[in-house]
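Engineer: Contents of work-v4.pdb (PDB, C-alpha atoms) are below:
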ATOM      1  CA  MET X  14      -7.837  65.034  82.607
ATOM      2  CA  ILE X  15      -5.054  63.218  80.772
ATOM      3  CA  TYR X  16      -1.669  64.908  80.722
ATOM      4  CA  THR X  17       0.852  64.224  77.969
ATOM      5  CA  THR X  18       4.423  65.100  77.152
ATOM      6  CA  LYS X  19       6.908  64.124  74.473
ATOM      7  CA  TYR X  20      10.090  62.125  75.007
ATOM      8  CA  ASP X  21      12.852  61.822  72.405
ATOM      9  CA  SER X  22      14.110  58.248  72.505
ATOM     10  CA  PRO X  23      16.592  56.324  70.344
ATOM     11  CA  ILE X  24      13.642  54.427  68.837
ATOM     12  CA  GLY X  25      11.654  57.539  67.971
ATOM     13  CA  GLU X  26       9.629  60.259  69.602
ATOM     14  CA  MET X  27       7.395  58.922  72.335
ATOM     15  CA  THR X  28       4.215  60.318  73.804
ATOM     16  CA  LEU X  29       3.835  59.734  77.539
ATOM     17  CA  ALA X  30       0.458  60.078  79.262
ATOM     18  CA  SER X  31      -0.710  60.245  82.858
ATOM     19  CA  SER X  32      -4.049  60.453  84.596
ATOM     20  CA  GLU X  33      -4.830  60.863  88.276
ATOM     21  CA  GLY X  34      -1.200  60.428  89.305
ATOM     22  CA  MET X  35      -0.668  57.245  87.283
ATOM     23  CA  LEU X  36       1.268  56.545  84.084
ATOM     24  CA  ILE X  37      -1.245  55.264  81.545
ATOM     25  CA  GLY X  38       0.634  55.425  78.273
ATOM     26  CA  ALA X  39       3.997  55.398  76.514
ATOM     27  CA  TRP X  40       3.689  55.174  72.759
ATOM     28  CA  ILE X  41       6.114  55.541  69.871
ATOM     29  CA  GLU X  42       4.855  58.005  67.269
ATOM     30  CA  GLY X  43       3.196  56.125  64.432
ATOM     31  CA  GLN X  44       2.978  52.783  66.216
ATOM     32  CA  LYS X  45       0.007  50.493  65.912
ATOM     33  CA  TYR X  46      -2.670  51.351  68.514
ATOM     34  CA  TYR X  47      -1.112  54.781  69.166
ATOM     35  CA  MET X  48      -3.033  56.381  72.064
ATOM     36  CA  ASN X  49      -5.698  53.712  71.643
ATOM     37  CA  GLY X  50      -8.731  54.421  73.808
ATOM     38  CA  ILE X  51      -7.633  57.954  74.720
ATOM     39  CA  ASN X  52     -10.253  60.669  74.265
ATOM     40  CA  VAL X  53      -8.341  63.555  72.670
ATOM     41  CA  ASP X  54     -10.808  66.032  74.190
ATOM     42  CA  GLU X  55      -9.451  65.067  77.625
ATOM     43  CA  VAL X  56      -5.773  65.523  76.705
ATOM     44  CA  GLU X  57      -3.641  68.450  77.820
ATOM     45  CA  VAL X  58       0.110  68.873  77.307
ATOM     46  CA  ASN X  59       1.810  69.201  80.692
ATOM     47  CA  ASN X  60       5.606  69.038  80.788
ATOM     48  CA  LYS X  61       5.650  69.580  84.568
ATOM     49  CA  ASP X  62       3.458  66.635  85.592
ATOM     50  CA  GLU X  63       5.348  64.708  88.294
ATOM     51  CA  VAL X  64       4.447  61.257  86.898
ATOM     52  CA  LEU X  65       5.569  62.214  83.407
ATOM     53  CA  ILE X  66       8.842  63.605  84.770
ATOM     54  CA  LYS X  67       9.431  60.306  86.623
ATOM     55  CA  ALA X  68       8.670  58.381  83.422
ATOM     56  CA  LYS X  69      11.206  60.457  81.484
ATOM     57  CA  GLU X  70      13.831  59.826  84.188
ATOM     58  CA  TRP X  71      13.030  56.104  84.078
ATOM     59  CA  LEU X  72      13.397  56.070  80.287
ATOM     60  CA  ASP X  73      16.657  58.053  80.512
ATOM     61  CA  LYS X  74      18.081  55.340  82.775
ATOM     62  CA  TYR X  75      16.759  52.562  80.567
ATOM     63  CA  PHE X  76      18.218  54.000  77.354
ATOM     64  CA  ALA X  77      21.517  54.643  79.187
ATOM     65  CA  GLY X  78      21.803  50.875  79.586
ATOM     66  CA  LYS X  79      20.794  50.771  83.230
ATOM     67  CA  LYS X  80      18.061  48.563  84.642
ATOM     68  CA  PRO X  81      15.457  50.885  86.185
ATOM     69  CA  ASN X  82      12.916  49.338  88.528
ATOM     70  CA  LEU X  83       9.284  49.155  87.374
ATOM     71  CA  ALA X  84       8.228  49.757  90.974
ATOM     72  CA  ASP X  85       9.589  53.308  90.626
ATOM     73  CA  LEU X  86       6.657  54.197  88.361
ATOM     74  CA  PRO X  87       2.964  54.298  89.296
ATOM     75  CA  LEU X  88       1.543  52.271  86.391
ATOM     76  CA  CYS X  89      -2.100  51.986  85.454
ATOM     77  CA  PRO X  90      -2.454  50.677  81.912
ATOM     78  CA  GLY X  91      -6.003  50.479  80.626
ATOM     79  CA  GLY X  92      -7.233  47.348  78.945
ATOM     80  CA  THR X  93      -9.218  44.306  79.847
ATOM     81  CA  SER X  94      -8.488  42.183  82.897
ATOM     82  CA  PHE X  95      -7.009  39.529  80.581
ATOM     83  CA  GLN X  96      -4.706  42.076  78.927
ATOM     84  CA  ARG X  97      -3.535  43.311  82.326
ATOM     85  CA  GLU X  98      -2.843  39.706  83.414
ATOM     86  CA  VAL X  99      -0.750  39.167  80.270
ATOM     87  CA  TRP X 100       1.139  42.446  80.814
ATOM     88  CA  ALA X 101       1.861  41.465  84.425
ATOM     89  CA  VAL X 102       3.440  38.220  83.216
ATOM     90  CA  VAL X 103       5.418  40.116  80.561
ATOM     91  CA  CYS X 104       6.816  42.353  83.319
ATOM     92  CA  ASN X 105       8.340  39.247  84.893
ATOM     93  CA  ILE X 106      10.456  38.395  81.846
ATOM     94  CA  PRO X 107      13.943  39.245  83.116
ATOM     95  CA  TYR X 108      15.887  42.170  81.703
ATOM     96  CA  GLY X 109      18.018  41.029  78.772
ATOM     97  CA  GLU X 110      16.069  37.804  78.300
ATOM     98  CA  THR X 111      13.096  36.755  76.200
ATOM     99  CA  GLY X 112       9.966  34.664  76.573
ATOM    100  CA  THR X 113       7.471  33.296  74.090
ATOM    101  CA  TYR X 114       3.742  33.710  73.694
ATOM    102  CA  SER X 115       3.308  30.077  74.726
ATOM    103  CA  ASP X 116       5.475  30.669  77.838
ATOM    104  CA  ILE X 117       3.093  33.455  78.824
ATOM    105  CA  ALA X 118       0.050  31.272  78.100
ATOM    106  CA  ASN X 119       1.518  28.463  80.234
ATOM    107  CA  THR X 120       2.247  30.865  83.103
ATOM    108  CA  LEU X 121      -1.315  32.180  82.938
ATOM    109  CA  LYS X 122      -2.636  28.609  83.015
ATOM    110  CA  ILE X 123      -0.698  28.010  86.228
ATOM    111  CA  LEU X 124      -1.813  31.330  87.764
ATOM    112  CA  THR X 125      -5.460  31.322  86.713
ATOM    113  CA  GLY X 126      -6.282  27.720  85.880
ATOM    114  CA  GLU X 127      -7.351  28.795  82.395
ATOM    115  CA  ALA X 128      -5.334  28.061  79.265
ATOM    116  CA  PRO X 129      -5.405  30.998  76.861
ATOM    117  CA  SER X 130      -4.243  30.509  73.295
ATOM    118  CA  SER X 131      -0.919  31.900  72.183
ATOM    119  CA  GLN X 132      -2.902  33.986  69.686
ATOM    120  CA  SER X 133      -4.973  35.648  72.433
ATOM    121  CA  VAL X 134      -1.768  36.309  74.373
ATOM    122  CA  GLY X 135      -0.231  37.843  71.246
ATOM    123  CA  ASN X 136      -3.257  40.074  70.794
ATOM    124  CA  ALA X 137      -2.975  41.298  74.393
ATOM    125  CA  VAL X 138       0.768  41.896  74.023
ATOM    126  CA  SER X 139       0.183  43.957  70.870
ATOM    127  CA  HIS X 140      -2.203  46.273  72.747
ATOM    128  CA  ASN X 141       0.332  47.155  75.467
ATOM    129  CA  PRO X 142      -0.099  50.908  76.084
ATOM    130  CA  LEU X 143       3.230  51.268  77.919
ATOM    131  CA  LEU X 144       5.862  50.388  75.320
ATOM    132  CA  VAL X 145       9.382  49.857  76.642
ATOM    133  CA  ILE X 146       8.130  50.149  80.244
ATOM    134  CA  ILE X 147       6.004  46.991  80.059
ATOM    135  CA  PRO X 148       8.654  45.065  78.133
ATOM    136  CA  CYS X 149       6.605  43.404  75.409
ATOM    137  CA  HIS X 150       9.680  43.706  73.189
ATOM    138  CA  ARG X 151      11.007  40.703  75.172
ATOM    139  CA  VAL X 152       8.301  38.449  73.722
ATOM    140  CA  VAL X 153       9.514  36.436  70.733
ATOM    141  CA  GLY X 154       8.283  33.578  68.572
ATOM    142  CA  LYS X 155       8.601  30.001  69.804
ATOM    143  CA  ASP X 156      11.793  29.566  67.779
ATOM    144  CA  GLY X 157      13.232  32.806  69.147
ATOM    145  CA  SER X 158      12.307  34.721  66.007
ATOM    146  CA  MET X 159      11.610  38.439  66.008
ATOM    147  CA  VAL X 160       7.859  38.616  65.599
ATOM    148  CA  GLY X 161       5.339  41.363  66.083
ATOM    149  CA  TYR X 162       5.999  44.577  67.921
ATOM    150  CA  SER X 163       3.578  47.454  67.674
ATOM    151  CA  GLY X 164       6.540  49.855  67.679
ATOM    152  CA  GLY X 165       8.124  48.038  64.735
ATOM    153  CA  LEU X 166      10.658  45.237  64.503
ATOM    154  CA  LYS X 167      13.576  47.668  64.147
ATOM    155  CA  ALA X 168      12.704  49.183  67.538
ATOM    156  CA  LYS X 169      12.259  45.716  69.063
ATOM    157  CA  GLU X 170      15.681  44.633  67.827
ATOM    158  CA  PHE X 171      17.249  47.835  69.181
ATOM    159  CA  LEU X 172      15.691  47.315  72.642
ATOM    160  CA  LEU X 173      16.721  43.653  72.854
ATOM    161  CA  ASN X 174      20.285  44.486  71.788
ATOM    162  CA  LEU X 175      20.444  47.362  74.287
ATOM    163  CA  GLU X 176      19.430  45.018  77.107
ATOM    164  CA  LYS X 177      21.717  42.213  75.958
ATOM    165  CA  ASP X 178      24.716  44.546  75.696
ATOM    166  CA  SER X 179      23.955  46.200  79.052
ATOM    167  CA  LYS X 180      23.488  42.850  80.750
ATOM    168  CA  ASN X 181      26.794  41.569  79.374
ATOM    169  CA  ASN X 182      28.640  44.717  80.465
ATOM    170  CA  ASN X 183      27.368  44.705  84.053
TER
END
Can I see the file as C-alpha cells?

Structural biologist:
Amino acid sequence: MIYTTKYDSPIGEMTLASSEGMLIGAWIEGQKYYMNGINVDEVEVNNKDEVLIKAKEWLDKYFAGKKPNLADLPLCPGGTSFQREVWAVVCNIPYGETGTYSDIANTLKILTGEAPSSQSVGNAVSHNPLLVIIPCHRVVGKDGSMVGYSGGLKAKEFLLNLEKDSKNNN
C-alpha cells in the first residue's frame, strides 16, 4: 500500500507518498513526471502516516529557512540504480550552493569508474521523485544558468533564493 497526503508549500501544493515506512515521493502538483511509476490502485490517503508527518515537519523547517537533515527522513526513491547514484551525488551539493550536470558526471566517474554523459545525468535529475528533499534544484547549467527543473523554473529560483538568503542570515 502507498500512503499519500497533501502539503501546502510556497511553491505549490505537494503530494507526499510513503510505502513500507519509507518516503518514496514528494511531487509538486502539475510537475513533469508527477507520481511517475505509482500505481493509483495502490494509493490511499493517510494523513496520520508517521513517515508523511515527518516529511511535513522536515518541509516546514526547510521552508522556514532552516537546514533540516536528510538523515531525519527514511528515503527510498524508486528509479534505476544509475538514477539513485545521481540522486545520491545531488544530495551532497551543499545547502545554498549549486553544482552542474558535468560536476555530477565527474563525481560519478570518480566513484564508479564510468563516465556518464551530462545528458544522462540531466535525465536522471529530471526524474527525481523527491523534489525539494533530494535537492535537484541545486543543479544548474555549466555557466550557472537556471536550466531544467521538473517543478518549473519559478520554483527552482524560489528554492535557490530561499537557501541563499537563509545561508547568508545564519

Engineer: Kindly resolve the PyMOL selection byres ((chain X and resi 138-143) around 9) on the present coordinates and return the residues as a PyMOL selection string.

Structural biologist: chain X and resi 29+36-40+45-49+88+90-92+96-97+99-100+103+114+133-137+144-149+152+161-163

Engineer: I'd like the interatomic distance between atom CA of X:Leu166 and atom CA of X:Thr93, to a tenth of an Å.

Structural biologist: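 The value is 25.1 Å.
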
Engineer: When distances are computed from only C-alpha atoms, which of X:Leu72, X:Ala84, X:Val153, X:Leu172 shows the smallest separation from X:Ile117?

Structural biologist: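 With only C-alpha atoms as the atom set, the closest residue is X:Val153.
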
Engineer: Within 12 Å of (-7.1, 34.0, 86.9), in the coordinates the file gives, what residues turn up when you count only C-alpha atoms, written out as a list of chain:residue names?

Structural biologist: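 Here is the list of nearby residues: X:Ser94, X:Phe95, X:Gln96, X:Arg97, X:Glu98, X:Val99, X:Ala101, X:Val102, X:Ala118, X:Thr120, X:Leu121, X:Lys122, X:Ile123, X:Leu124, X:Thr125, X:Gly126, X:Glu127, X:Ala128, X:Pro129.
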
Engineer: Counting all atoms listed in the file, which residue out of X:Lys169, X:Ala77, X:Cys89, X:Gly43 sits closest to X:Ala30?

Structural biologist: X:Cys89

Engineer: Counting only C-alpha atoms, which residue out of X:Gly78, X:Asp73, X:His150, X:Ser130 sits closest to X:Gly112?

Structural biologist: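 Comparing X:Gly78, X:Asp73, X:His150, X:Ser130 against X:Gly112, the winner is X:His150.
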
Engineer: Quick check, in Å to one decimal: how far apart do atom CA of X:Thr111 and atom CA of X:Met35 lie?

Structural biologist: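 If I compute the distance from atom CA of X:Thr111 to atom CA of X:Met35, I get 27.1 Å.
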
Engineer: I would like the residues chosen by the PyMOL selection byres ((chain X and resi 63) around 12) on the shown file; could you give them as a VMD selection string?

Structural biologist: chain X and resid 16 to 18 29 to 36 59 to 62 64 to 70 86 to 87

Engineer: Ranking X:Ser158, X:Glu176, X:Asn181, X:Pro23 by minimum distance to X:Tyr108 and counting all atoms listed in the file, which one comes first?

Structural biologist: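 For X:Tyr108, the nearest of the given residues is X:Glu176.
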